[in-house]
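For reference, the structure discussed in these notes is given below.
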Amino acid sequence: MEAARKFASNEFPKVARECDREERFPMDVWKMAGELGFMGIFISPDYGGLGLGYLEHAMVMEEFWRADPGVGNILLAVFGSELIGAYGTDAQKEVWLSRVAGGKAILACGITEPNAGSDILAQKTNAKRAGDEYVINGSKQFISNGSIADAVLVMCVTNPDAGKPTDRFSFLLVERDRDGFSSQKLKGKMGIRASDTAALSFDDVKVPGENLIGTDEGNGFRQVMNLFNANRIIAAAQGVGVAQGAFDRAAAYIKERVQFGKPLASFQGIQFKIAEMASRIEAARALYHKAGWLLDHNRTDPGLISIAKLVAGETAVRVTDEALQLHGGYGYMDEYDVERFYRDAKVVEIYEGAKEIEKITIAREILGRG
Ligand SMILES: Cc1cc2nc3c(=O)[nH]c(=O)nc-3n(C[C@H](O)[C@H](O)[C@H](O)COP(=O)(O)OP(=O)(O)OC[C@H]3O[C@@H](n4cnc5c(N)ncnc54)[C@H](O)[C@@H]3O)c2cc1C
């Protein structure tokens, strides 16, 4: 983690404010990170990765978000390689995992639609088999890396007549240059503005049958549930990272800032805030470490994963709020990083399962489906 911390703290501050203001993806920093091996943490060494676990990937994500959440999302360039690694064909792995691990390609993963967010079974984007090809029609919304990705893993309805709704979906890989595929960058996000987000449109997009992820149709829902397990741990690490980053800055500031003739850090009311913030961060970190370790040792616990994501999201929002408060009026100015971290933190409570959906999962794990 030392290498991740050093890289992020050296490189991210050079571009963080500018990329936030301009809503620009830091392409050069992503390339550098790829050359240093950060894009291949959980990818098999057979494809140029490090062959470590999701926990190590999440811990690097924490360090990246601690330095800057928007720029830190360069690590989302690998989003979708989890699916290819777990279910893809040898050819898909050879082409895509090697390129992603080397920082030569960016992936995106399209699940959310304009009218299907938390309710993922309501998705309508469809892929119809026509001979050796699939023809895809529909749209996806809020897709990370959507306007810069070399390929998108798209969740589609391939088996609309399957008895069980969960058997209706498959993932298809769509390369950017396919006719009928278009993306529109979504500007005006509250936070993580260096991270690319786009709306995608598929208008009779033809892909060959071999672009199906996995050998059989109808497995997309099970695949996405497994993807959520890994990605909720990674999102939890983002929450811990943004909280830790804001905390570091606040702890330094209160030692310097003098009011009533003393540094702010000498007042007990301020010390209590620091103690509470530090306690929340440590608790959230311990939760995602445990959930990640279990996942990497084939003892996946979806309830614990949702608890980790829920607590990390709340920690991110509360700690960044308190860090800004500790900066007073200066914290409200974009000259100070805490203003940006405060805006960046909120997304952890929304994506990879909004916090209400995490609560539904936690309750279901405890009480059963009823
Ligand atoms: C910056 C950003 C990046 C993203 N990247 C991606 C990406 O790469 N790929 C992708 O597929 N998606 C992505 N998303 C989409 C994200 O996963 C969704 O926004 C999220 O799942 C919530 O869906 P929704 O926005 O449609 O909200 P809705 O589902 O409409 O929910 C609105 C509110 O209602 C609550 N709610 C919904 N159902 C219930 C219920 N049954 N009980 C109680 N409360 C409920 C929700 O928790 C939420 O608070 C991204 C979103 C953002 C903001």
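Scheme for the structure tokens: letters A, B, ... for chains in order shown; per-chain residue numbers from 1; ligand numbers from 1 in order shown.
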* Surrounding residues of region 36-51 of chain A excluding itself and chain neighbours under 3 positions, 10 Å, only C-alpha atoms, as a PyMOL selection string -> chain A and resi 3-4+7+30-33+54-58+60-61+74-78+81-82+84-85+93-106
Go through chain A residue by residue and, counting only C-alpha atoms and all ligand atoms, keep those with an atom at most 6 Å from ligand 1; for each kept residue give the shortest atom pair and its distance in Å to one decimal, ordered by chain and increasing number, as CSV.
```
residue,atom,partner,partner_atom_place_in_ligand_line,distance
A:Cys109,CA,ligand 1,9 (N),5.2
A:Gly110,CA,ligand 1,11 (O),4.3
A:Ile111,CA,ligand 1,11 (O),3.3
A:Thr112,CA,ligand 1,11 (O),3.8
A:Ala116,CA,ligand 1,26 (O),5.7
A:Gly117,CA,ligand 1,26 (O),3.2
A:Ser118,CA,ligand 1,29 (O),3.6
A:Phe142,CA,ligand 1,50 (C),4.6
A:Ile143,CA,ligand 1,7 (C),3.8
A:Ser144,CA,ligand 1,8 (O),3.7
A:Thr197,CA,ligand 1,3 (C),5.9
A:Val347,CA,ligand 1,53 (C),5.9
A:Ile350,CA,ligand 1,20 (C),5.5
A:Tyr351,CA,ligand 1,17 (O),4.0
A:Glu352,CA,ligand 1,17 (O),4.8
A:Gly353,CA,ligand 1,21 (O),4.9
A:Ala354,CA,ligand 1,47 (O),4.4
A:Lys355,CA,ligand 1,47 (O),5.7
A:Glu356,CA,ligand 1,47 (O),4.3
A:Ile357,CA,ligand 1,47 (O),5.4
```
Using the selection just defined, write its residues with N, CA and C atoms as a short mmCIF file (atom, residue, chain, number, x, y, z; two decimals), in the first residue's frame.
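Produced file again33.cif, reproduced below:
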```
data_model
loop_
_atom_site.label_atom_id
_atom_site.label_comp_id
_atom_site.auth_asym_id
_atom_site.auth_seq_id
_atom_site.Cartn_x
_atom_site.Cartn_y
_atom_site.Cartn_z
N CYS A 109 -19.13 -0.81 -17.44
CA CYS A 109 -20.11 -1.86 -17.18
C CYS A 109 -21.49 -1.23 -17.11
N GLY A 110 -22.35 -1.55 -18.07
CA GLY A 110 -23.64 -0.87 -18.19
C GLY A 110 -24.78 -1.72 -17.66
N ILE A 111 -25.29 -1.35 -16.51
CA ILE A 111 -26.41 -2.07 -15.90
C ILE A 111 -27.62 -1.12 -15.79
N THR A 112 -27.41 0.03 -15.15
CA THR A 112 -28.49 0.99 -14.89
C THR A 112 -29.09 1.54 -16.19
N ALA A 116 -34.61 1.95 -14.86
CA ALA A 116 -34.29 0.75 -14.08
C ALA A 116 -32.98 0.97 -13.34
N GLY A 117 -33.09 1.43 -12.09
CA GLY A 117 -31.90 1.65 -11.26
C GLY A 117 -31.81 0.57 -10.21
N SER A 118 -32.37 0.83 -9.03
CA SER A 118 -32.36 -0.18 -7.96
C SER A 118 -33.08 -1.45 -8.41
N PHE A 142 -25.97 6.77 -16.53
CA PHE A 142 -24.99 6.96 -15.44
C PHE A 142 -23.84 5.95 -15.51
N ILE A 143 -23.30 5.68 -16.67
CA ILE A 143 -22.29 4.62 -16.77
C ILE A 143 -20.87 5.19 -16.62
N SER A 144 -20.18 4.73 -15.58
CA SER A 144 -18.81 5.19 -15.33
C SER A 144 -17.92 4.79 -16.50
N THR A 197 -18.73 9.93 -16.58
CA THR A 197 -20.06 9.30 -16.45
C THR A 197 -20.84 9.62 -17.72
N VAL A 347 -21.59 10.17 -3.35
CA VAL A 347 -21.88 9.11 -4.33
C VAL A 347 -21.77 7.71 -3.72
N ILE A 350 -24.91 6.22 -3.01
CA ILE A 350 -25.84 6.07 -4.14
C ILE A 350 -25.48 4.89 -5.04
N TYR A 351 -24.20 4.86 -5.50
CA TYR A 351 -23.94 3.81 -6.51
C TYR A 351 -23.52 2.48 -5.90
N GLU A 352 -23.50 1.46 -6.75
CA GLU A 352 -23.26 0.07 -6.30
C GLU A 352 -24.29 -0.37 -5.26
N GLY A 353 -25.51 0.11 -5.41
CA GLY A 353 -26.57 -0.19 -4.45
C GLY A 353 -26.72 0.99 -3.50
N ALA A 354 -27.82 1.73 -3.66
CA ALA A 354 -28.07 2.87 -2.77
C ALA A 354 -28.22 2.35 -1.34
N LYS A 355 -28.05 3.24 -0.36
CA LYS A 355 -27.99 2.76 1.03
C LYS A 355 -29.27 2.06 1.46
N GLU A 356 -30.41 2.48 0.88
CA GLU A 356 -31.66 1.80 1.23
C GLU A 356 -31.65 0.36 0.73
N ILE A 357 -31.04 0.15 -0.43
CA ILE A 357 -30.97 -1.20 -1.00
C ILE A 357 -30.02 -2.07 -0.15
#
```
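If you measure from each of A:Gly292, A:Pro208, A:Gly80, A:Gly188 to Glu22 (chain A) using only C-alpha atoms, the closest one turns out to be A:Gly188.
The shortest atom-to-atom distance to Tyr87 (chain A), with only C-alpha atoms taken into account, belongs to A:Gly214 out of A:Gly214, A:Gly241, A:Gly220, A:Gly269.
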Pull the closest atom pair for each residue of region 71-132 of chain A that gets at most 8 Å from region 154-160 of chain A, along with the distance in Å to one decimal, counting only C-alpha atoms, ordering rows by chain and then ascending residue number, as a tab-separated table.
```
residue	atom	partner	partner_atom	distance
A:Cys109	CA	A:Val154	CA	6.1
A:Gly110	CA	A:Val154	CA	4.7
A:Ile111	CA	A:Met155	CA	5.4
A:Gln123	CA	A:Val157	CA	7.4
A:Lys124	CA	A:Val157	CA	6.6
A:Thr125	CA	A:Cys156	CA	5.2
A:Asn126	CA	A:Val157	CA	4.5
A:Ala127	CA	A:Thr158	CA	5.2
A:Lys128	CA	A:Thr158	CA	6.2
A:Arg129	CA	A:Thr158	CA	7.8
```
* To do: Give the strand (DSSP E or B) residues of region 32-220 of chain A, as assigned by DSSP on the backbone, as an MDAnalysis selection string.
  => chainID A and resid 107:110 113 116 126:130 133:144 151:157 169:175 181:185 197:208 212
* What's the 12 Å shell around Ala291 (chain A), counting only C-alpha atoms, without same-chain residues fewer than 3 positions away, as a VMD selection string? -> chain A and resid 54 to 55 58 229 to 234 236 to 237 284 to 288 294 to 309
* May I ask which of the residues A:Glu113, A:Asp20, A:Glu62, A:Glu335 is the closest one to Lys187 (chain A), counting only C-alpha atoms? => A:Asp20
* Asked: Skipping near chain neighbours, those fewer than 3 positions away, what residues fall within 6 Å of Asp167 (chain A) using only C-alpha atoms, listed as a count of residues only?
  -> 3
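Between CA of Arg66 (chain A) and CA of Trp293 (chain A) lies a distance of 21.0 Å.
The coordinates place CA of Gly138 (chain A) at 10.1 Å from CA of Pro114 (chain A).
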* Structure fact -> In Å and to one decimal, CA of Leu173 (chain A) is distant from CA of Gln223 (chain A) by 13.8 Å
* Tell me which of A:Phe272, A:Asp90, A:Ser195, A:Asp337 sits closest to Pro13 (chain A), counting only C-alpha atoms. => A:Asp337
* To do: Do a neighbour search on Phe25 (chain A) at 7 Å with only C-alpha atoms, toss out local chain neighbours closer than 5 positions, and write the hits as a ChimeraX atom specification.
  => /A:19,194-196
* **helix (DSSP H, G or I) residues, from DSSP on the backbone, in region 233-352 of chain A, as a PyMOL selection string** => chain A and resi 233-256+264-266+268-296+302-326+328-331+337-349
Could those selected residues go to a file with C-alpha atoms, as an mmCIF file, in the first residue's frame?
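Wrote part.cif, looks like this:
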```
data_model
loop_
_atom_site.group_PDB
_atom_site.id
_atom_site.type_symbol
_atom_site.label_atom_id
_atom_site.label_comp_id
_atom_site.auth_asym_id
_atom_site.auth_seq_id
_atom_site.Cartn_x
_atom_site.Cartn_y
_atom_site.Cartn_z
ATOM 1 C CA ILE A 233 -16.400 -3.809 -1.069
ATOM 2 C CA ILE A 234 -14.520 -1.543 -3.459
ATOM 3 C CA ALA A 235 -17.143 1.204 -2.971
ATOM 4 C CA ALA A 236 -16.825 0.767 0.807
ATOM 5 C CA ALA A 237 -13.074 1.320 0.443
ATOM 6 C CA GLN A 238 -13.836 4.507 -1.495
ATOM 7 C CA GLY A 239 -15.947 5.713 1.431
ATOM 8 C CA VAL A 240 -13.151 4.999 3.909
ATOM 9 C CA GLY A 241 -10.625 6.688 1.609
ATOM 10 C CA VAL A 242 -12.567 9.927 1.184
ATOM 11 C CA ALA A 243 -13.251 10.041 4.931
ATOM 12 C CA GLN A 244 -9.584 9.430 5.774
ATOM 13 C CA GLY A 245 -8.458 12.049 3.256
ATOM 14 C CA ALA A 246 -10.790 14.695 4.688
ATOM 15 C CA PHE A 247 -9.816 13.686 8.229
ATOM 16 C CA ASP A 248 -6.068 14.032 7.493
ATOM 17 C CA ARG A 249 -6.599 17.535 6.164
ATOM 18 C CA ALA A 250 -8.820 18.569 9.093
ATOM 19 C CA ALA A 251 -6.414 17.150 11.699
ATOM 20 C CA ALA A 252 -3.561 19.155 10.159
ATOM 21 C CA TYR A 253 -5.668 22.325 9.877
ATOM 22 C CA ILE A 254 -6.808 22.441 13.509
ATOM 23 C CA LYS A 255 -3.214 22.283 14.714
ATOM 24 C CA GLU A 256 -2.369 25.384 12.676
ATOM 25 C CA LEU A 264 -8.289 24.799 17.594
ATOM 26 C CA ALA A 265 -6.843 21.366 18.420
ATOM 27 C CA SER A 266 -6.462 22.379 22.071
ATOM 28 C CA GLN A 268 -11.918 19.609 24.013
ATOM 29 C CA GLY A 269 -15.024 20.156 21.865
ATOM 30 C CA ILE A 270 -12.779 19.882 18.808
ATOM 31 C CA GLN A 271 -10.859 16.897 20.205
ATOM 32 C CA PHE A 272 -14.144 15.008 20.659
ATOM 33 C CA LYS A 273 -14.953 15.555 16.999
ATOM 34 C CA ILE A 274 -11.550 14.178 16.004
ATOM 35 C CA ALA A 275 -12.011 11.136 18.257
ATOM 36 C CA GLU A 276 -15.442 10.415 16.784
ATOM 37 C CA MET A 277 -14.260 10.810 13.202
ATOM 38 C CA ALA A 278 -11.252 8.530 13.765
ATOM 39 C CA SER A 279 -13.453 5.899 15.439
ATOM 40 C CA ARG A 280 -15.946 5.850 12.567
ATOM 41 C CA ILE A 281 -13.165 5.516 9.989
ATOM 42 C CA GLU A 282 -11.478 2.622 11.818
ATOM 43 C CA ALA A 283 -14.800 0.787 12.238
ATOM 44 C CA ALA A 284 -15.693 1.217 8.552
ATOM 45 C CA ARG A 285 -12.230 0.059 7.488
ATOM 46 C CA ALA A 286 -12.385 -3.052 9.687
ATOM 47 C CA LEU A 287 -15.753 -3.962 8.155
ATOM 48 C CA TYR A 288 -14.621 -3.788 4.537
ATOM 49 C CA HIS A 289 -11.382 -5.625 5.347
ATOM 50 C CA LYS A 290 -13.342 -8.488 6.914
ATOM 51 C CA ALA A 291 -15.910 -8.626 4.094
ATOM 52 C CA GLY A 292 -13.127 -8.480 1.481
ATOM 53 C CA TRP A 293 -11.045 -11.167 3.163
ATOM 54 C CA LEU A 294 -14.071 -13.497 3.305
ATOM 55 C CA LEU A 295 -14.842 -12.829 -0.378
ATOM 56 C CA ASP A 296 -11.263 -13.616 -1.400
ATOM 57 C CA PRO A 302 -23.513 -10.591 1.161
ATOM 58 C CA GLY A 303 -25.060 -9.271 4.398
ATOM 59 C CA LEU A 304 -21.665 -8.240 5.755
ATOM 60 C CA ILE A 305 -20.715 -6.731 2.398
ATOM 61 C CA SER A 306 -23.850 -4.561 2.502
ATOM 62 C CA ILE A 307 -23.131 -3.593 6.135
ATOM 63 C CA ALA A 308 -19.597 -2.559 5.106
ATOM 64 C CA LYS A 309 -20.900 -0.494 2.170
ATOM 65 C CA LEU A 310 -23.664 1.117 4.277
ATOM 66 C CA VAL A 311 -21.339 2.071 7.139
ATOM 67 C CA ALA A 312 -18.633 3.320 4.773
ATOM 68 C CA GLY A 313 -21.122 5.529 2.895
ATOM 69 C CA GLU A 314 -22.445 7.067 6.111
ATOM 70 C CA THR A 315 -18.873 7.496 7.394
ATOM 71 C CA ALA A 316 -17.859 9.229 4.166
ATOM 72 C CA VAL A 317 -20.743 11.706 4.334
ATOM 73 C CA ARG A 318 -20.468 12.433 8.083
ATOM 74 C CA VAL A 319 -16.683 12.694 8.289
ATOM 75 C CA THR A 320 -16.325 14.929 5.226
ATOM 76 C CA ASP A 321 -19.096 17.162 6.631
ATOM 77 C CA GLU A 322 -17.269 17.427 9.963
ATOM 78 C CA ALA A 323 -13.905 18.002 8.242
ATOM 79 C CA LEU A 324 -15.385 20.898 6.290
ATOM 80 C CA GLN A 325 -16.958 22.259 9.492
ATOM 81 C CA LEU A 326 -13.566 22.181 11.215
ATOM 82 C CA GLY A 328 -14.918 27.013 9.040
ATOM 83 C CA GLY A 329 -15.395 29.485 6.180
ATOM 84 C CA TYR A 330 -12.161 28.383 4.514
ATOM 85 C CA GLY A 331 -13.607 24.886 4.156
ATOM 86 C CA ASP A 337 -9.619 20.119 -0.699
ATOM 87 C CA VAL A 338 -12.305 19.423 1.923
ATOM 88 C CA GLU A 339 -14.876 21.296 -0.157
ATOM 89 C CA ARG A 340 -14.271 18.821 -3.002
ATOM 90 C CA PHE A 341 -14.154 15.775 -0.712
ATOM 91 C CA TYR A 342 -17.504 16.808 0.814
ATOM 92 C CA ARG A 343 -19.071 16.786 -2.667
ATOM 93 C CA ASP A 344 -17.272 13.576 -3.696
ATOM 94 C CA ALA A 345 -18.367 11.566 -0.646
ATOM 95 C CA LYS A 346 -22.107 11.468 -1.364
ATOM 96 C CA VAL A 347 -21.877 9.110 -4.329
ATOM 97 C CA VAL A 348 -20.819 6.263 -2.037
ATOM 98 C CA GLU A 349 -24.362 6.284 -0.633
#
```
* Could you pull the residues within 9 Å of Ser201 (chain A), counting only C-alpha atoms, minus those fewer than 5 positions along the same chain, as a count of residues only? -> 10
* Which polymer residues have any atom within 8 Å of an atom of Glu63 (chain A), counting only C-alpha atoms, with same-chain residues fewer than 4 positions away left out, as a ChimeraX atom specification? -> /A:1,4-5,8,59,67,241
Store the residues picked out above in a file with N, CA and C atoms, as a short mmCIF file (atom, residue, chain, number, x, y, z; two decimals), in the first residue's frame.
```
data_model
loop_
_atom_site.label_atom_id
_atom_site.label_comp_id
_atom_site.auth_asym_id
_atom_site.auth_seq_id
_atom_site.Cartn_x
_atom_site.Cartn_y
_atom_site.Cartn_z
N MET A 1 0.82 -1.21 0.00
CA MET A 1 0.00 0.00 0.00
C MET A 1 0.86 1.26 0.00
N ALA A 4 1.12 2.61 -3.46
CA ALA A 4 -0.12 3.28 -3.89
C ALA A 4 -0.21 4.66 -3.26
N ARG A 5 0.11 4.73 -1.97
CA ARG A 5 0.02 6.01 -1.26
C ARG A 5 0.99 7.03 -1.86
N ALA A 8 -0.16 8.09 -5.44
CA ALA A 8 -1.34 8.97 -5.41
C ALA A 8 -1.00 10.33 -4.79
N MET A 59 -8.00 -1.92 -1.10
CA MET A 59 -7.08 -1.13 -0.26
C MET A 59 -6.33 -0.08 -1.08
N ALA A 67 -6.18 10.32 -1.49
CA ALA A 67 -5.43 11.41 -2.14
C ALA A 67 -6.38 12.31 -2.93
N GLY A 241 -11.69 5.84 2.16
CA GLY A 241 -10.63 6.69 1.61
C GLY A 241 -10.98 8.17 1.64
#
```
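Candidate residues A:Asn145, A:Ala16, A:Glu35, A:Thr361 were compared for distance to Pro69 (chain A), and the nearest is A:Ala16, using only C-alpha atoms.
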